[in-house]
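K.L.:
Quick one: this structure, given as structure tokens, is what I'll be asking you about.
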Amino acid sequence: MLCVALLASGCASLSDRQRDRAAGIAAGARSTVVACTQADACALSSPLYDLAGQARAESTAAAPRHYAVMLDKGSDALLARLNLIRSARQSIDLQTYIFDKDDSARLVLDELLTAARRGVKVRVLIDQLSAIADLEILAALSGSHENFAIRIYNPSFGKAKLNYLDYAGSVLCCFRRFNQRMHTKLLLVDDRIGISGGRNYQDDYFDWDAEYNFRDRDVLVAGPEAASMAVNFQAFWDARRSVPAERLNDVGRTLLDEGVPAMPVPRYLRPERVQAASAQASDPQVMEQLFVEPAFKVGAVRYIADLPQKHRRERRDHDAPAAPELEALIRSAQKEVLLQTPYLVMSKQAQTMFRDMRKRQPPPQVVVSTNSLAATDNPIVYSMSFKYKRRYLREFGFQIHEYKPFPEDAPVDYAALMPDGPPVSSPDEGAGRSGIRGPSGSIGPSSGGTSSDAGGENTRRLQRTESRPSFFSSGAAAEPLPLKRAGVRMGLHAKSMVIDGEIAVIGTHNFDPRSENYNTEAAVVIDDTAFAQALAGSIRRDMSPENAWTIAPRAKPPVFSGLDYSLGKVSEALPIFDIWPWRYATSYEFRPGPECPLPVGPKDPAFHRCYVSVGDFPEVDVGPKWLYTRVLTAFGAGLVPIL
């Protein structure tokens, strides 16, 4: 397979001369026409953009000032991006892991092209593993305008679009390099205001997908720290692994064969929703209400971001600061670490850290919000989290809450997901079963089949898992599992942390081995009690009984409880053949009543009176997938370093 893959790739490779010709074709086709002659490039006047000017005016070298806005709601996060792109005067730098061509992604892409045509320098850097998978679009972008440049990071075999033989060849011949991905995410406007966090450019991240959407979070920062964002982006832009799209083998071949094609006409699945978002993004009252009024005025902000040098074998400590800086923050906790991560898989270093913290007297509480099997986009990763629940609860002292696929109180405009309005739940589904409750009331998953839509490309799959280590975990095996009922599912994707209620962290780091060792990551650290409390409130909302199950030890059997625990512990420690069927912990649902007015913790004597076990995999239509998950639990420990 390796020989075939390498041979096929070699046949498709361009010579240096051909590559230069392709780059020349793209350069020669780029328009030099600038639609605006004004000094501000005819930028949109925006109260959101003006926060950057206010922050600069209030800052001194000794006392920097920033405005920080937490972007919890996906549709709002899209509006903020569109508004800032339209408000740009000089430059826009966009860095991301996934860039699709569905409704939201194409809307952003067209806005970037419009900005370039009015005189703004636009640079787009996308990781190759999930870059725009359309050679016509990439070729069109490469020759679109002198103010627009697009590069692809770490392209295997010098290509933008890989097939399965390319994947196989990359894994077998260059496993480490293939897994070194640019997971950093940033939108930076005029080096003054930036957005970083978990979201990629795909409908799933903006609450626009009709089947599965991510509960995610970004932070917008206006002020002097944007200069650090600019320095980090420039390092990636200049890196050897960042290759201009026109110099890639497949894009270059398209240019040689066809010249620069016209940009394909958008085929929006929901054009009315696109138009509504576009109109809202230019409304100053909307911007004022959604972003300016709730903005936090904070002091010092730190943008901690890995450099592309993290991917060198001989790297210096300061080339990869994200993981050690986050570890130092966690170790500094005196009372509580509130941690939200979609993938609860701990590296050996992280396990050592939490064991050390557990030995303190008294130890700080570690409260974790993460995905359930029903909500996760990656069952392979969840299987390892499931394997080590005893360790997390007993040895590390974690309090774990797993996100439900149909949360009742999520920050999402659930009605906007459906073409014909929100579906209605069956009356007999009972309280607490109605899905997501938005600001305008309670609405839920459909009681029948999955939602229908007008057709189009973004119905081709649920979504691409962002955490896949290779093609072995892509496709149906890594998609969300089928559930017992239909509806628009949510999965947790936010990566956030609050230390002692005083320090807030929002970023791209999943607190997993892949983020530590393979991916480049970034995090915004805000040392401000008010902002930290707001973030803590958002995370605790995700952990509430309406939105999450509590993970706790099973009730002890009347006999042989010690033997059961010992055999389970021995089985868990095995790298393979972890087949003991009775796991230490399971999922619990809160049942309020006269004796249980409020939720309690697993160590409270009233816990088993107030909570009922809902099984290891609640809401999942188990079928053969149960065996799949348990097989991975039994034999998948070797995958941990790349999860």
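Residues in the structure tokens are named by chain (A, B, ... in the order shown) and by number from 1 within that chain; ligands are numbered from 1 in the order shown.
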Using DSSP on the backbone coordinates, identify the residues of region 68-233 of chain A assigned to strand (DSSP E); present them as a PyMOL selection string.
P.N.:
chain A and resi 68-71+91-98+121-130+148-153+186-189+193-197+212-215+218-222
K.L.:
Hey, what's within 12 Å of Ser31 (chain A) if we count only C-alpha atoms and toss same-chain stuff fewer than 5 positions away? As a list in words, please?
P.N.:
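In the requested form, the answer reads Ala26, Leu113, Ala116, Arg117, Arg118, Gly119, Ala140, Leu141, Ser142, Gly143, Ser144, His145, Glu146, Asn147, Phe148 and Val260 of chain A.
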K.L.:
Kindly give the distance, in Å, that separates CA of Leu187 (chain A) and CA of Met346 (chain A), rounded to a single decimal.
P.N.:
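Pair CA of Leu187 (chain A) / CA of Met346 (chain A) returns 29.1 Å.
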K.L.:
Of the candidates A:Pro411, A:Pro364, A:Pro553, A:Pro605, which shows the shortest atom-to-atom distance to Arg394 (chain A), using only C-alpha atoms?
P.N.:
A:Pro553
K.L.:
Which polymer residues have any atom within 10 Å of an atom of region 288-294 of chain A, counting only C-alpha atoms, with same-chain residues fewer than 3 positions away left out, as a count of residues only?
P.N.:
20
K.L.:
For His401 (chain A), which residue among A:Arg541, A:Arg360, A:Arg514, A:Arg313 is the nearest when counting only C-alpha atoms?
P.N.:
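Under the stated criterion, the closest residue is A:Arg541.
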K.L.:
Considering only C-alpha atoms, return as a PyMOL selection string whatever protein or nucleic-acid residues lie within 8 Å of Ser170 (chain A), sequence-local ones (same chain, fewer than 6 positions apart) excluded.
P.N.:
chain A and resi 156-157+178
K.L.:
Please identify all polymer residues within 12 Å of Pro545 (chain A), counting only C-alpha atoms, omitting same-chain residues fewer than 6 positions from it, and present them as a list in words.
P.N.:
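Near Pro545 (chain A), the qualifying residues are Ser369, His401, Glu402, Tyr403, Lys404, Phe406, Pro407, Glu408, Asp409, Ala410, Gly432, Arg433, Ile551, Ser587, Tyr588, Glu589, Phe590, Arg591, Pro592, Leu598, Pro599, Val600, Gly601, Cys610, Tyr611 and Val612 of chain A.
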K.L.:
Choose the residue, out of A:Thr184, A:Ser87, A:Ser242, A:Ser385, that has the smallest atom-to-atom separation from Ile150 (chain A); count only C-alpha atoms.
P.N.:
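Closest to Ile150 (chain A) of all the choices is A:Ser242.
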K.L.:
Determine the nearest neighbour of Val367 (chain A) from the options A:Ala235, A:Ala536, A:Val219, A:Ala322, counting only C-alpha atoms.
P.N.:
A:Ala536
K.L.:
Give me the residues within 8 Å of Phe214 (chain A) as JSON, numbers by chain, counting only C-alpha atoms and dropping any in the same chain fewer than 6 places off.
P.N.:
{"A": [204, 205, 206, 207, 490, 491, 492, 493]}
K.L.:
Write a file of the just-selected residues containing N, CA, C and O atoms, as a PDB file, in the first residue's frame.
P.N.:
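Contents of the output file part.pdb:
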```pdb
ATOM      1  N   ASP A 204     -21.357  23.439  11.458  1.00  0.00           N
ATOM      2  CA  ASP A 204     -21.468  22.791  12.765  1.00  0.00           C
ATOM      3  C   ASP A 204     -21.067  23.705  13.919  1.00  0.00           C
ATOM      4  O   ASP A 204     -21.544  23.528  15.050  1.00  0.00           O
ATOM      5  N   TYR A 205     -20.198  24.657  13.648  1.00  0.00           N
ATOM      6  CA  TYR A 205     -19.648  25.505  14.708  1.00  0.00           C
ATOM      7  C   TYR A 205     -20.456  26.788  14.916  1.00  0.00           C
ATOM      8  O   TYR A 205     -20.182  27.532  15.859  1.00  0.00           O
ATOM      9  N   PHE A 206     -21.427  27.039  14.052  1.00  0.00           N
ATOM     10  CA  PHE A 206     -22.217  28.258  14.146  1.00  0.00           C
ATOM     11  C   PHE A 206     -23.708  27.960  14.292  1.00  0.00           C
ATOM     12  O   PHE A 206     -24.545  28.805  13.984  1.00  0.00           O
ATOM     13  N   ASP A 207     -24.036  26.742  14.720  1.00  0.00           N
ATOM     14  CA  ASP A 207     -25.428  26.332  14.925  1.00  0.00           C
ATOM     15  C   ASP A 207     -26.219  26.383  13.623  1.00  0.00           C
ATOM     16  O   ASP A 207     -27.416  26.700  13.624  1.00  0.00           O
ATOM     17  N   MET A 490     -26.426  18.055  19.813  1.00  0.00           N
ATOM     18  CA  MET A 490     -25.339  18.948  20.208  1.00  0.00           C
ATOM     19  C   MET A 490     -24.193  18.109  20.764  1.00  0.00           C
ATOM     20  O   MET A 490     -24.409  17.095  21.421  1.00  0.00           O
ATOM     21  N   GLY A 491     -22.976  18.565  20.515  1.00  0.00           N
ATOM     22  CA  GLY A 491     -21.794  17.944  21.090  1.00  0.00           C
ATOM     23  C   GLY A 491     -20.854  19.010  21.610  1.00  0.00           C
ATOM     24  O   GLY A 491     -20.682  20.062  20.988  1.00  0.00           O
ATOM     25  N   LEU A 492     -20.256  18.760  22.743  1.00  0.00           N
ATOM     26  CA  LEU A 492     -19.371  19.744  23.355  1.00  0.00           C
ATOM     27  C   LEU A 492     -18.067  19.863  22.574  1.00  0.00           C
ATOM     28  O   LEU A 492     -17.471  18.858  22.172  1.00  0.00           O
ATOM     29  N   HIS A 493     -17.628  21.108  22.325  1.00  0.00           N
ATOM     30  CA  HIS A 493     -16.359  21.341  21.647  1.00  0.00           C
ATOM     31  C   HIS A 493     -15.564  22.467  22.292  1.00  0.00           C
ATOM     32  O   HIS A 493     -14.442  22.760  21.880  1.00  0.00           O
TER      33      HIS A 493
END
```
K.L.:
Quick one: distance from CA of His183 (chain A) to CA of Gly252 (chain A) in Å, one decimal?
P.N.:
25.3 Å
K.L.:
Using only C-alpha atoms, which of A:Gly158, A:Gly537, A:Gly74, A:Pro64 sits nearest Val412 (chain A)?
P.N.:
A:Gly74
